[in-house]
$ cat structure.txt   # compact mmCIF, C-alpha atoms and all ligand atoms
# COMPACT_ATOMS: atom_id res chain seq x y z
CA MET A 164 11.39 -60.10 98.84
CA SER A 165 8.02 -58.52 98.20
CA HIS A 166 7.65 -55.83 95.56
CA TRP A 167 5.05 -53.95 97.61
CA THR A 168 5.19 -52.82 101.22
CA LYS A 169 2.76 -54.20 103.77
CA ASP A 170 0.96 -50.84 103.90
CA GLU A 171 0.66 -50.66 100.14
CA ILE A 172 -0.90 -54.13 100.01
CA LYS A 173 -3.26 -53.15 102.81
CA THR A 174 -4.37 -50.06 100.88
CA LEU A 175 -4.76 -51.98 97.61
CA ASN A 176 -6.84 -54.65 99.32
CA LEU A 177 -9.01 -51.99 100.90
CA MET A 178 -9.56 -50.33 97.51
CA ARG A 179 -10.48 -53.64 95.93
CA GLU A 180 -12.90 -54.57 98.72
CA ARG A 181 -14.57 -51.20 98.35
CA PHE A 182 -14.90 -51.51 94.57
CA LEU A 183 -16.27 -55.06 94.84
CA ALA A 184 -18.70 -54.25 97.65
CA GLY A 185 -20.30 -51.59 95.44
CA ASN A 186 -20.30 -49.06 98.27
CA ALA A 187 -17.44 -46.87 97.06
CA GLY A 188 -19.98 -44.22 96.09
CA THR A 189 -20.86 -43.30 99.66
CA ALA A 190 -17.85 -41.02 100.33
CA ASP A 191 -14.68 -39.73 98.70
CA TYR A 192 -12.07 -42.44 99.28
CA TRP A 193 -8.95 -40.75 97.88
CA ASN A 194 -7.08 -39.97 101.07
CA SER A 195 -3.76 -38.92 99.59
CA ASP A 196 -1.69 -38.65 96.43
CA ALA A 197 0.01 -41.87 97.52
CA ASP A 198 -3.34 -43.69 97.13
CA LEU A 199 -3.69 -42.33 93.61
CA VAL A 200 -0.12 -43.34 92.74
CA LEU A 201 -0.83 -46.87 93.96
CA TYR A 202 -4.10 -47.01 92.03
CA GLU A 203 -2.39 -45.66 88.91
CA ARG A 204 0.33 -48.36 89.07
CA THR A 205 -2.16 -51.21 89.45
CA PHE A 206 -5.94 -51.02 88.94
CA ALA A 207 -5.67 -48.10 86.51
CA GLN A 208 -3.19 -50.00 84.31
CA ARG A 209 -5.68 -52.86 83.97
CA ILE A 210 -8.38 -50.33 83.13
CA GLY A 211 -5.99 -48.82 80.57
CA TRP A 212 -5.73 -52.18 78.78
CA LYS A 213 -9.53 -52.25 78.52
CA TRP A 214 -9.46 -48.75 77.05
CA ASP A 215 -6.83 -49.88 74.55
CA ALA A 216 -9.21 -52.64 73.41
CA VAL A 217 -12.16 -50.25 73.09
CA LEU A 218 -10.21 -47.55 71.27
CA SER A 219 -8.67 -50.02 68.86
CA GLU A 220 -12.14 -51.43 68.10
CA LEU A 221 -13.34 -47.91 67.31
CA THR A 222 -10.48 -47.36 64.91
CA LEU A 223 -11.06 -50.76 63.26
CA ARG A 224 -14.68 -49.74 62.81
CA GLY A 225 -13.60 -46.51 61.12
CA TRP A 226 -14.81 -44.26 63.92
CA SER A 227 -13.00 -41.12 65.06
CA PRO A 228 -13.93 -38.50 67.65
CA PRO A 229 -16.54 -36.00 66.43
CA ALA A 230 -15.23 -33.35 68.86
CA VAL A 231 -12.07 -31.40 69.66
CA LYS A 232 -12.96 -31.11 73.31
CA LEU A 233 -12.32 -34.09 75.60
CA VAL A 234 -13.87 -34.55 79.05
CA ASP A 235 -12.79 -37.32 81.45
CA TRP A 236 -15.77 -37.65 83.82
CA ALA A 237 -14.98 -39.17 87.27
CA CYS A 238 -11.36 -39.28 86.17
CA GLY A 239 -9.70 -40.90 89.22
CA SER A 240 -5.99 -40.88 88.29
CA GLY A 241 -6.96 -39.92 84.72
CA ILE A 242 -6.13 -43.11 82.85
CA ALA A 243 -9.07 -42.92 80.41
CA GLY A 244 -8.18 -39.43 79.24
CA ARG A 245 -4.49 -40.20 78.83
CA ARG A 246 -5.15 -43.43 76.91
CA THR A 247 -7.56 -41.60 74.61
CA LEU A 248 -5.02 -38.86 73.94
CA GLU A 249 -2.38 -41.47 73.16
CA HIS A 250 -4.74 -43.18 70.76
CA TRP A 251 -5.79 -39.97 68.94
CA PRO A 252 -2.85 -37.63 69.63
CA GLU A 253 -3.93 -34.99 67.12
CA ALA A 254 -7.68 -35.03 67.67
CA PHE A 255 -8.20 -32.68 70.62
CA ALA A 256 -7.56 -29.05 71.44
CA SER A 257 -8.54 -29.25 75.10
CA VAL A 258 -9.06 -31.77 77.84
CA THR A 259 -11.03 -31.28 81.05
CA VAL A 260 -10.99 -33.69 83.95
CA THR A 261 -13.63 -33.86 86.61
CA ASP A 262 -14.22 -35.98 89.70
CA ARG A 263 -16.02 -35.43 92.98
CA SER A 264 -12.57 -35.71 94.60
CA TYR A 265 -10.37 -32.64 94.22
CA LYS A 266 -7.32 -34.81 94.99
CA ALA A 267 -8.15 -37.00 92.00
CA ARG A 268 -8.74 -33.95 89.77
CA ASN A 269 -5.43 -32.41 90.81
CA PHE A 270 -3.56 -35.66 90.27
CA ALA A 271 -5.09 -36.23 86.83
CA VAL A 272 -4.59 -32.67 85.67
CA SER A 273 -0.94 -32.53 86.67
CA ARG A 274 -0.21 -35.83 84.86
CA LEU A 275 -1.92 -34.47 81.77
CA ARG A 276 -0.01 -31.20 81.86
CA GLU A 277 3.28 -33.10 82.12
CA LYS A 278 2.35 -35.12 79.05
CA ARG A 279 0.45 -32.66 76.91
CA GLY A 280 1.72 -29.14 77.44
CA ASP A 281 0.41 -28.30 73.96
CA LEU A 282 -3.25 -28.71 75.00
CA VAL A 283 -5.55 -26.63 77.14
CA VAL A 284 -5.80 -28.82 80.25
CA GLU A 285 -8.37 -27.96 82.90
CA ALA A 286 -9.98 -29.46 85.99
CA GLY A 287 -13.32 -28.65 87.57
CA ALA A 288 -15.92 -29.99 89.97
CA PRO A 289 -18.61 -32.04 88.16
CA GLU A 290 -21.24 -29.32 88.54
CA GLN A 291 -18.93 -26.79 86.84
CA VAL A 292 -17.93 -28.83 83.82
CA ASP A 293 -19.67 -28.20 80.53
CA CYS A 294 -19.98 -31.28 78.32
CA GLU A 295 -21.53 -29.47 75.39
CA GLY A 296 -20.07 -30.66 72.09
CA ALA A 297 -17.42 -32.79 73.85
CA LEU A 298 -16.33 -36.40 73.66
CA VAL A 299 -17.01 -37.53 77.23
CA LEU A 300 -15.21 -40.52 78.73
CA VAL A 301 -16.68 -42.39 81.67
CA SER A 302 -14.79 -45.27 83.21
CA HIS A 303 -15.57 -47.55 86.13
CA LEU A 304 -18.11 -45.26 87.77
CA LEU A 305 -21.40 -47.14 87.54
CA THR A 306 -21.19 -49.03 90.85
CA GLU A 307 -20.56 -45.73 92.62
CA LEU A 308 -23.74 -44.06 91.38
CA SER A 309 -27.22 -44.31 92.86
CA GLU A 310 -30.13 -44.30 90.40
CA GLY A 311 -30.65 -40.58 91.02
CA GLU A 312 -26.96 -39.76 90.55
CA LEU A 313 -26.87 -41.73 87.32
CA ARG A 314 -29.84 -39.76 86.00
CA GLY A 315 -28.00 -36.57 86.92
CA VAL A 316 -24.89 -37.70 85.03
CA LEU A 317 -26.98 -38.59 81.97
CA GLU A 318 -28.55 -35.13 81.94
CA ARG A 319 -25.07 -33.66 81.77
CA LEU A 320 -23.89 -36.12 79.11
CA ASN A 321 -26.92 -35.38 76.98
CA ALA A 322 -25.21 -32.19 75.80
CA ALA A 323 -22.12 -34.07 74.59
CA ALA A 324 -21.23 -34.97 71.01
CA ALA A 325 -20.22 -38.53 71.94
CA VAL A 326 -19.71 -40.74 74.98
CA ILE A 327 -17.37 -43.68 75.53
CA TRP A 328 -18.33 -45.53 78.70
CA VAL A 329 -16.23 -48.49 79.90
CA GLU A 330 -16.95 -50.68 82.95
CA SER A 331 -15.97 -53.93 84.66
CA ALA A 332 -17.94 -56.74 83.08
CA THR A 333 -20.11 -57.97 85.90
CA ARG A 334 -23.57 -59.03 84.78
CA ASP A 335 -25.14 -56.18 86.79
CA ASN A 336 -22.84 -53.52 85.37
CA ALA A 337 -23.26 -54.67 81.80
CA ARG A 338 -27.02 -54.87 82.01
CA ARG A 339 -27.29 -51.52 83.80
CA LEU A 340 -25.03 -49.85 81.24
CA MET A 341 -27.37 -50.94 78.47
CA SER A 342 -30.69 -50.42 80.25
CA ALA A 343 -29.92 -47.18 82.11
CA VAL A 344 -27.41 -45.46 79.79
CA ARG A 345 -27.54 -46.77 76.21
CA ASP A 346 -31.23 -47.45 75.78
CA PRO A 347 -32.59 -44.21 77.32
CA LEU A 348 -30.18 -42.03 75.31
CA VAL A 349 -30.88 -43.87 72.05
CA ALA A 350 -34.64 -43.95 72.72
CA GLY A 351 -34.62 -40.14 73.01
CA GLY A 352 -33.94 -40.08 69.27
CA ASP A 353 -30.85 -37.84 69.35
CA TRP A 354 -28.26 -40.55 69.82
CA ARG A 355 -27.06 -43.58 67.92
CA ALA A 356 -25.08 -46.55 69.20
CA VAL A 357 -21.61 -46.85 67.65
CA ALA A 358 -20.11 -49.85 69.47
CA PRO A 359 -20.15 -52.64 70.45
CA CYS A 360 -23.62 -52.54 68.92
CA THR A 361 -24.26 -53.05 65.23
CA HIS A 362 -27.57 -51.18 65.39
CA SER A 363 -29.39 -48.49 67.35
CA GLY A 364 -32.50 -50.46 68.27
CA SER A 365 -33.05 -51.18 71.94
CA CYS A 366 -30.53 -53.65 73.36
CA PRO A 367 -31.86 -57.15 72.58
CA LEU A 368 -30.11 -58.61 75.62
CA GLN A 369 -32.70 -56.85 77.77
CA GLN A 370 -35.37 -59.23 76.48
CA VAL A 371 -36.53 -61.80 79.04
CA GLU A 372 -35.26 -64.79 77.04
CA HIS A 373 -31.70 -63.38 77.18
CA GLU A 374 -31.70 -62.62 80.89
CA ARG A 375 -28.79 -64.93 81.64
CA HIS A 376 -26.49 -63.18 79.17
CA TRP A 377 -24.69 -59.87 79.39
CA CYS A 378 -22.76 -57.83 76.90
CA HIS A 379 -19.08 -58.34 77.66
CA HIS A 380 -15.74 -58.75 75.90
CA PHE A 381 -12.17 -59.65 76.77
CA ALA A 382 -9.15 -57.37 76.56
CA ARG A 383 -5.58 -58.48 76.01
CA VAL A 384 -3.22 -58.31 78.98
CA PRO A 385 0.30 -57.41 77.74
CA SER A 386 2.40 -60.59 77.86
CA GLU A 387 5.29 -58.99 79.78
CA VAL A 388 2.94 -58.47 82.74
CA HIS A 389 3.06 -62.20 83.46
CA GLN A 390 6.87 -62.06 83.76
CA GLU A 391 6.99 -59.08 86.10
CA GLU A 392 7.49 -59.75 89.76
CA GLY A 393 5.51 -56.68 90.81
CA TRP A 394 2.43 -57.83 88.92
CA ARG A 395 2.75 -61.43 90.15
CA ASP A 396 3.01 -60.21 93.71
CA PHE A 397 0.02 -57.87 93.22
CA SER A 398 -2.01 -60.71 91.76
CA GLU A 399 -1.26 -63.08 94.63
CA ARG A 400 -1.62 -60.63 97.50
CA VAL A 401 -4.59 -58.64 96.24
CA GLY A 402 -6.34 -61.59 94.61
CA VAL A 403 -6.58 -60.16 91.09
CA ASP A 404 -6.51 -62.71 88.28
CA LEU A 405 -4.23 -61.29 85.60
CA ARG A 406 -5.02 -63.95 83.00
CA VAL A 407 -8.41 -62.59 82.00
CA LEU A 408 -9.64 -59.06 81.60
CA PRO A 409 -13.37 -58.84 80.88
CA TYR A 410 -14.97 -55.49 80.22
CA THR A 411 -18.22 -54.02 79.07
CA PHE A 412 -18.64 -50.77 77.18
CA VAL A 413 -20.82 -48.63 75.04
CA VAL A 414 -20.01 -45.85 72.60
CA LEU A 415 -22.78 -43.43 71.69
CA GLU A 416 -22.77 -40.56 69.28
CA ARG A 417 -25.15 -37.68 68.88
CA GLY A 418 -27.05 -37.98 65.63
CA THR A 419 -29.70 -40.25 64.24
CA ALA A 420 -28.95 -43.79 63.10
CA GLY A 421 -27.10 -43.60 59.82
CA SER A 422 -26.10 -39.93 60.11
CA ARG A 423 -22.44 -40.81 60.40
CA ALA A 424 -22.90 -44.52 59.93
CA VAL A 425 -19.75 -46.51 59.50
CA GLU A 426 -19.74 -47.76 55.97
CA GLY A 427 -21.05 -51.26 55.41
CA GLU A 428 -22.09 -51.98 59.02
CA ASP A 429 -25.49 -53.26 57.97
CA GLY A 430 -25.85 -57.00 58.39
CA LEU A 431 -23.02 -57.27 60.89
CA SER A 432 -22.99 -59.47 63.98
CA ARG A 433 -20.86 -58.67 67.02
CA VAL A 434 -19.75 -61.77 68.91
CA LEU A 435 -20.21 -61.40 72.68
CA GLY A 436 -17.92 -62.86 75.34
CA THR A 437 -15.92 -65.81 74.05
CA ALA A 438 -16.95 -68.67 71.79
CA ARG A 439 -17.66 -71.89 73.75
CA GLU A 440 -15.84 -74.87 72.33
CA PHE A 441 -17.33 -78.34 71.77
CA LYS A 442 -16.04 -81.28 69.72
CA GLY A 443 -15.62 -79.88 66.21
CA PHE A 444 -17.84 -76.86 66.69
CA LEU A 445 -18.21 -73.61 68.58
CA LYS A 446 -21.24 -71.94 70.08
CA VAL A 447 -21.07 -68.26 69.29
CA LEU A 448 -23.42 -65.78 70.96
CA SER A 449 -23.81 -62.83 68.61
CA CYS A 450 -25.75 -59.60 68.56
CA ALA A 451 -27.16 -58.15 65.35
CA LYS A 452 -29.98 -55.88 64.26
CA GLU A 453 -32.22 -58.95 64.09
CA GLY A 454 -31.49 -59.87 67.72
CA VAL A 455 -29.22 -62.09 69.79
CA THR A 456 -28.56 -65.63 68.54
CA ASP A 457 -26.43 -68.47 69.83
CA TRP A 458 -25.02 -69.76 66.54
CA THR A 459 -23.29 -73.08 65.95
CA LEU A 460 -20.12 -72.72 63.94
CA GLN A 461 -18.61 -75.94 62.62
CA LYS A 462 -14.90 -76.06 61.93
CA ARG A 463 -15.46 -77.51 58.46
CA ASP A 464 -17.85 -74.69 57.46
CA ALA A 465 -15.54 -71.79 58.28
CA PRO A 466 -12.07 -72.98 59.42
CA GLU A 467 -10.44 -69.53 59.52
CA THR A 468 -13.28 -68.00 61.53
CA PHE A 469 -13.26 -71.06 63.81
CA LYS A 470 -9.55 -70.50 64.48
CA ALA A 471 -9.94 -66.75 65.01
CA LEU A 472 -12.88 -67.11 67.40
CA ARG A 473 -11.10 -69.75 69.44
CA LYS A 474 -8.22 -67.36 69.98
CA TRP A 475 -10.44 -64.23 70.28
CA GLY A 476 -7.52 -62.07 69.18
CA GLU A 477 -9.32 -60.06 66.52
CA LEU A 478 -12.34 -57.78 66.56
CA PRO A 479 -15.19 -60.32 66.37
CA LEU A 480 -17.39 -58.43 63.95
CA TYR A 481 -18.75 -60.66 61.18
CA ARG A 482 -21.20 -60.86 58.37
CA PHE A 483 -22.65 -64.35 58.83
CA GLU A 484 -24.55 -66.39 56.30
CA THR A 485 -26.71 -68.87 58.21
CA GLN A 486 -28.91 -71.91 57.75
CA GLY A 487 -31.10 -72.89 60.69
CA ASP A 488 -28.91 -72.36 63.76
CA ARG A 489 -25.65 -72.84 61.81
CA VAL A 490 -23.23 -70.30 60.42
CA VAL A 491 -22.33 -71.64 56.96
CA LYS A 492 -20.21 -68.74 55.78
CA ALA A 493 -18.45 -65.94 57.63
CA GLU A 494 -16.89 -62.73 56.46
CA ARG A 495 -15.00 -60.64 58.99
CA SER A 496 -15.67 -56.93 58.82
CA GLY A 497 -12.96 -55.43 56.63
CA ALA A 498 -11.60 -58.89 55.63
CA LYS A 499 -12.25 -61.34 52.79
CA ASP A 500 -15.10 -63.80 53.10
CA GLU A 501 -14.64 -67.45 53.83
CA SER A 502 -16.81 -70.09 52.24
C1 LIG A 601 -13.18 -46.59 90.40
S1 LIG A 601 -12.74 -44.93 90.20
C2 LIG A 601 -12.46 -44.88 88.44
C3 LIG A 601 -11.55 -43.76 88.09
C4 LIG A 601 -11.22 -43.66 86.60
N1 LIG A 601 -12.36 -43.22 85.85
C5 LIG A 601 -10.68 -44.97 86.08
O1 LIG A 601 -11.31 -45.60 85.23
O2 LIG A 601 -9.61 -45.38 86.55
C6 LIG A 601 -14.27 -44.04 90.32
C7 LIG A 601 -14.06 -42.52 90.41
O3 LIG A 601 -15.35 -41.90 90.40
C8 LIG A 601 -15.35 -40.82 91.32
N2 LIG A 601 -16.75 -40.57 91.69
C9 LIG A 601 -17.57 -41.34 92.42
N3 LIG A 601 -18.81 -40.81 92.47
C10 LIG A 601 -18.77 -39.68 91.73
C11 LIG A 601 -19.73 -38.71 91.37
N4 LIG A 601 -20.98 -38.79 91.81
N5 LIG A 601 -19.34 -37.67 90.57
C12 LIG A 601 -18.07 -37.58 90.14
N6 LIG A 601 -17.11 -38.48 90.45
C13 LIG A 601 -17.45 -39.53 91.22
C14 LIG A 601 -14.46 -41.31 92.45
O4 LIG A 601 -13.94 -40.24 93.20
C15 LIG A 601 -13.37 -42.04 91.66
O5 LIG A 601 -12.31 -41.21 91.32
$ encode --input "structure.txt" --output "structure tokens" --more "lines below"
Ligand SMILES: C[S@@+](CC[C@H](N)C(=O)[O-])C[C@H]1O[C@@H](n2cnc3c(N)ncnc32)[C@H](O)[C@@H]1O
Amino acid sequence: MSHWTKDEIKTLNLMRERFLAGNAGTADYWNSDADLVLYERTFAQRIGWKWDAVLSELTLRGWSPPAVKLVDWACGSGIAGRRTLEHWPEAFASVTVTDRSYKARNFAVSRLREKRGDLVVEAGAPEQVDCEGALVLVSHLLTELSEGELRGVLERLNAAAAVIWVESATRDNARRLMSAVRDPLVAGGDWRAVAPCTHSGSCPLQQVEHERHWCHHFARVPSEVHQEEGWRDFSERVGVDLRVLPYTFVVLERGTAGSRAVEGEDGLSRVLGTAREFKGFLKVLSCAKEGVTDWTLQKRDAPETFKALRKWGELPLYRFETQGDRVVKAERSGAKDES
């Protein structure tokens, strides 16, 4: 017997087609609370796992929110805000959700009130919400914004204290996130890049020689998901591969480079995507202040790093010592070096 009704599968497929076609921005598509419930049980959970990966990276990098006010921009069912509150339960005094859809705002705000009666929880239309001094979350919005709308959103975000922006890792999304969000804010001089970047120079992946690459990472899907009939059925009937969960993201903070720099980040390389495996060695595309390099990492040079990168379970932030195109020594951020 199927876990989902025929109508539910029809709605989920329609949502997915709309998201993939990149035309979801044309009109409000939340027709009912039932749509939001369905989204929350499926697509939003996957997005939540991406947020878990991003938030845990921020904590591993020693970053914490520089604001007590949280804004979930284009909140949908509100997963980004709720995950952030779970991650930093004590950090915020208020949370505001906004979305062009009042149904989405109402849904998100009532879930938040159920969970966090101790906080000031508010909802407002995007034009009414003040981002000044807030940590603003943006999640899976980019494909729904025209160039003009994106500029409008950036003007609003420019008043914030920090922004965490998470998206699906298509090449277009990842490149647009860096070229139209990260780089313009950082170039203005009032913002610094916190993650995944290891520097606040312009994104080196935008250079012509790196055109085929894009900044993306992989989140962990909880193992129990693969045992659950509901998820298996969703995967088969909506065509969503539950084995891999790529995402792209950027975290920006108001302040010049170094103003609240995470200790010891200088000289660090952030590995992008996954390492590609060959006989006895890996190719590891990494981004650092000096640029993007496709390093060769031989098993015999750094066996522990080789093992860790093959499994991609840990935050791939390293201090590499290199010779030519080879990594000869690797020290993971916050861990002991390996020679
Ligand atoms: C794919 S959903 C993502 C929802 C949520 N952020 C998440 O990650 O699950 C995109 C959301 O953006 C909203 N949206 C689209 N264009 C918008 C705009 N110009 N201003 C505000 N919200 C917008 C939609 O109504 C929808 O709720």
$ residues_near_ligand --input "structure.txt" --ligand "ligand LIG 601 (chain A)" --cutoff "7 Å" --atoms "only C-alpha atoms and all ligand atoms" --output "list in words"
Phe182, Gly188, Asp191, Tyr192, Trp193, Ala207, Ile210, Trp236, Ala237, Cys238, Gly239, Ser240, Gly241, Ile242, Ala243, Thr261, Asp262, Arg263, Ser264, Ala267, Pro289, Val301, Ser302, His303, Leu304, Glu307, Leu308 and Glu312 of chain A
$ closest_residue --input "structure.txt" --among "A:Cys366, A:Leu248, A:Leu472, A:Leu460" --to "Gln486 (chain A)" --atoms "all atoms listed in the file"
A:Leu460
$ closest_residue --input "structure.txt" --among "A:Ser219, A:Ser496, A:Thr411, A:Thr168" --to "Asp335 (chain A)" --atoms "all atoms listed in the file"
A:Thr411
$ closest_atom_pairs --input "structure.txt" --of "region 183-287 of chain A" --to "region 402-405 of chain A" --cutoff "12 Å" --atoms "all atoms listed in the file" --output "Markdown table"
| residue | atom | partner | partner_atom | distance |
| --- | --- | --- | --- | --- |
| A:Leu183 | CA | A:Val403 | CA | 11.6 |
| A:Thr205 | CA | A:Val403 | CA | 10.1 |
| A:Phe206 | CA | A:Val403 | CA | 9.4 |
| A:Gln208 | CA | A:Leu405 | CA | 11.4 |
| A:Arg209 | CA | A:Leu405 | CA | 8.7 |
| A:Ile210 | CA | A:Leu405 | CA | 12.0 |
| A:Trp212 | CA | A:Leu405 | CA | 11.5 |
$ atom_distance --input "structure.txt" --atom1 "CA of Glu249 (chain A)" --atom2 "CA of Trp214 (chain A)"
10.9 Å
$ residues_around --input "structure.txt" --residues "Ile172 (chain A)" --least-positions-apart "3" --cutoff "9 Å" --atoms "only C-alpha atoms" --output "PyMOL selection string"
chain A and resi 167-169+175-177+397+400-401
$ residues_around --input "structure.txt" --residues "Ser363 (chain A)" --least-positions-apart "2" --cutoff "7 Å" --atoms "all atoms listed in the file" --output "VMD selection string"
chain A and resid 349 355 to 356 365 420
$ write_last_selection --input "structure.txt" --atoms "C-alpha atoms" --output "PDB file, in the coordinates of the input"
ATOM      1  CA  VAL A 349     -30.880 -43.870  72.050  1.00  0.00           C
ATOM      2  CA  ARG A 355     -27.060 -43.580  67.920  1.00  0.00           C
ATOM      3  CA  ALA A 356     -25.080 -46.550  69.200  1.00  0.00           C
ATOM      4  CA  SER A 365     -33.050 -51.180  71.940  1.00  0.00           C
ATOM      5  CA  ALA A 420     -28.950 -43.790  63.100  1.00  0.00           C
TER       6      ALA A 420
END
$ residues_around --input "structure.txt" --residues "Leu480 (chain A)" --least-positions-apart "2" --cutoff "10 Å" --atoms "only C-alpha atoms" --output "PyMOL selection string"
chain A and resi 220+223-224+359-361+428+431-435+449-451+477-478+482-483+493-497
$ atom_distance --input "structure.txt" --atom1 "CA of Asn186 (chain A)" --atom2 "CA of Leu300 (chain A)"
21.9 Å
$ residues_around --input "structure.txt" --residues "Leu313 (chain A)" --least-positions-apart "2" --cutoff "12 Å" --atoms "all atoms listed in the file" --output "list in words"
Gly188, Val301, Leu304, Leu305, Thr306, Glu307, Leu308, Ser309, Glu310, Gly311, Gly315, Val316, Leu317, Glu318, Arg319, Leu320, Arg339, Leu340, Ser342, Ala343, Val344 and Pro347 of chain A
$ residues_around --input "structure.txt" --residues "Ser273 (chain A)" --least-positions-apart "4" --cutoff "12 Å" --atoms "all atoms listed in the file" --output "list in words"
Asp196, Ser240, Gly241, Arg245, Thr259, Val260, Lys266, Ala267, Arg268, Asn269, Glu277, Lys278, Arg279, Gly280, Val284, Glu285 and Ala286 of chain A
$ axis_aligned_box --input "structure.txt" --around "region 442-452 of chain A" --padding-each-side "6 Å" --output "JSON"
{"center_x": -22.8, "center_y": -68.6, "center_z": 67.6, "size_x": 26.4, "size_y": 37.4, "size_z": 18.7}
$ closest_residue --input "structure.txt" --among "A:Glu416, A:Glu180, A:Glu330, A:Glu374" --to "Gly352 (chain A)" --atoms "only C-alpha atoms"
A:Glu416
$ build_atoms --input "structure.txt" --residues "region 397-415 of chain A" --atoms "N, CA and C atoms" --output "short mmCIF file (atom, residue, chain, number, x, y, z; two decimals), in the coordinates of the input"
data_model
loop_
_atom_site.label_atom_id
_atom_site.label_comp_id
_atom_site.auth_asym_id
_atom_site.auth_seq_id
_atom_site.Cartn_x
_atom_site.Cartn_y
_atom_site.Cartn_z
N PHE A 397 1.32 -58.57 93.13
CA PHE A 397 0.02 -57.87 93.22
C PHE A 397 -1.12 -58.88 93.07
N SER A 398 -0.97 -59.73 92.04
CA SER A 398 -2.01 -60.71 91.76
C SER A 398 -2.24 -61.64 92.95
N GLU A 399 -1.13 -62.13 93.52
CA GLU A 399 -1.26 -63.08 94.63
C GLU A 399 -1.79 -62.42 95.90
N ARG A 400 -1.29 -61.22 96.20
CA ARG A 400 -1.62 -60.63 97.50
C ARG A 400 -2.89 -59.78 97.50
N VAL A 401 -3.34 -59.42 96.29
CA VAL A 401 -4.59 -58.64 96.24
C VAL A 401 -5.71 -59.48 95.61
N GLY A 402 -5.32 -60.67 95.12
CA GLY A 402 -6.34 -61.59 94.61
C GLY A 402 -6.93 -61.18 93.26
N VAL A 403 -6.09 -60.57 92.41
CA VAL A 403 -6.58 -60.16 91.09
C VAL A 403 -6.03 -61.14 90.05
N ASP A 404 -6.93 -61.76 89.31
CA ASP A 404 -6.51 -62.71 88.28
C ASP A 404 -6.04 -61.93 87.05
N LEU A 405 -4.76 -62.07 86.72
CA LEU A 405 -4.23 -61.29 85.60
C LEU A 405 -4.36 -62.00 84.26
N ARG A 406 -4.92 -63.21 84.27
CA ARG A 406 -5.02 -63.95 83.00
C ARG A 406 -6.18 -63.48 82.14
N VAL A 407 -7.24 -63.02 82.78
CA VAL A 407 -8.41 -62.59 82.00
C VAL A 407 -8.80 -61.16 82.36
N LEU A 408 -9.28 -60.46 81.37
CA LEU A 408 -9.64 -59.06 81.60
C LEU A 408 -10.96 -58.74 80.88
N PRO A 409 -12.07 -59.13 81.51
CA PRO A 409 -13.37 -58.84 80.88
C PRO A 409 -13.77 -57.39 81.07
N TYR A 410 -14.47 -56.87 80.10
CA TYR A 410 -14.97 -55.49 80.22
C TYR A 410 -16.29 -55.39 79.47
N THR A 411 -17.00 -54.32 79.81
CA THR A 411 -18.22 -54.02 79.07
C THR A 411 -18.13 -52.56 78.68
N PHE A 412 -18.74 -52.17 77.59
CA PHE A 412 -18.64 -50.77 77.18
C PHE A 412 -19.75 -50.41 76.22
N VAL A 413 -19.93 -49.10 76.08
CA VAL A 413 -20.82 -48.63 75.04
C VAL A 413 -20.27 -47.30 74.52
N VAL A 414 -20.41 -47.11 73.22
CA VAL A 414 -20.01 -45.85 72.60
C VAL A 414 -21.25 -45.30 71.91
N LEU A 415 -21.58 -44.06 72.25
CA LEU A 415 -22.78 -43.43 71.69
C LEU A 415 -22.38 -42.11 71.06
#
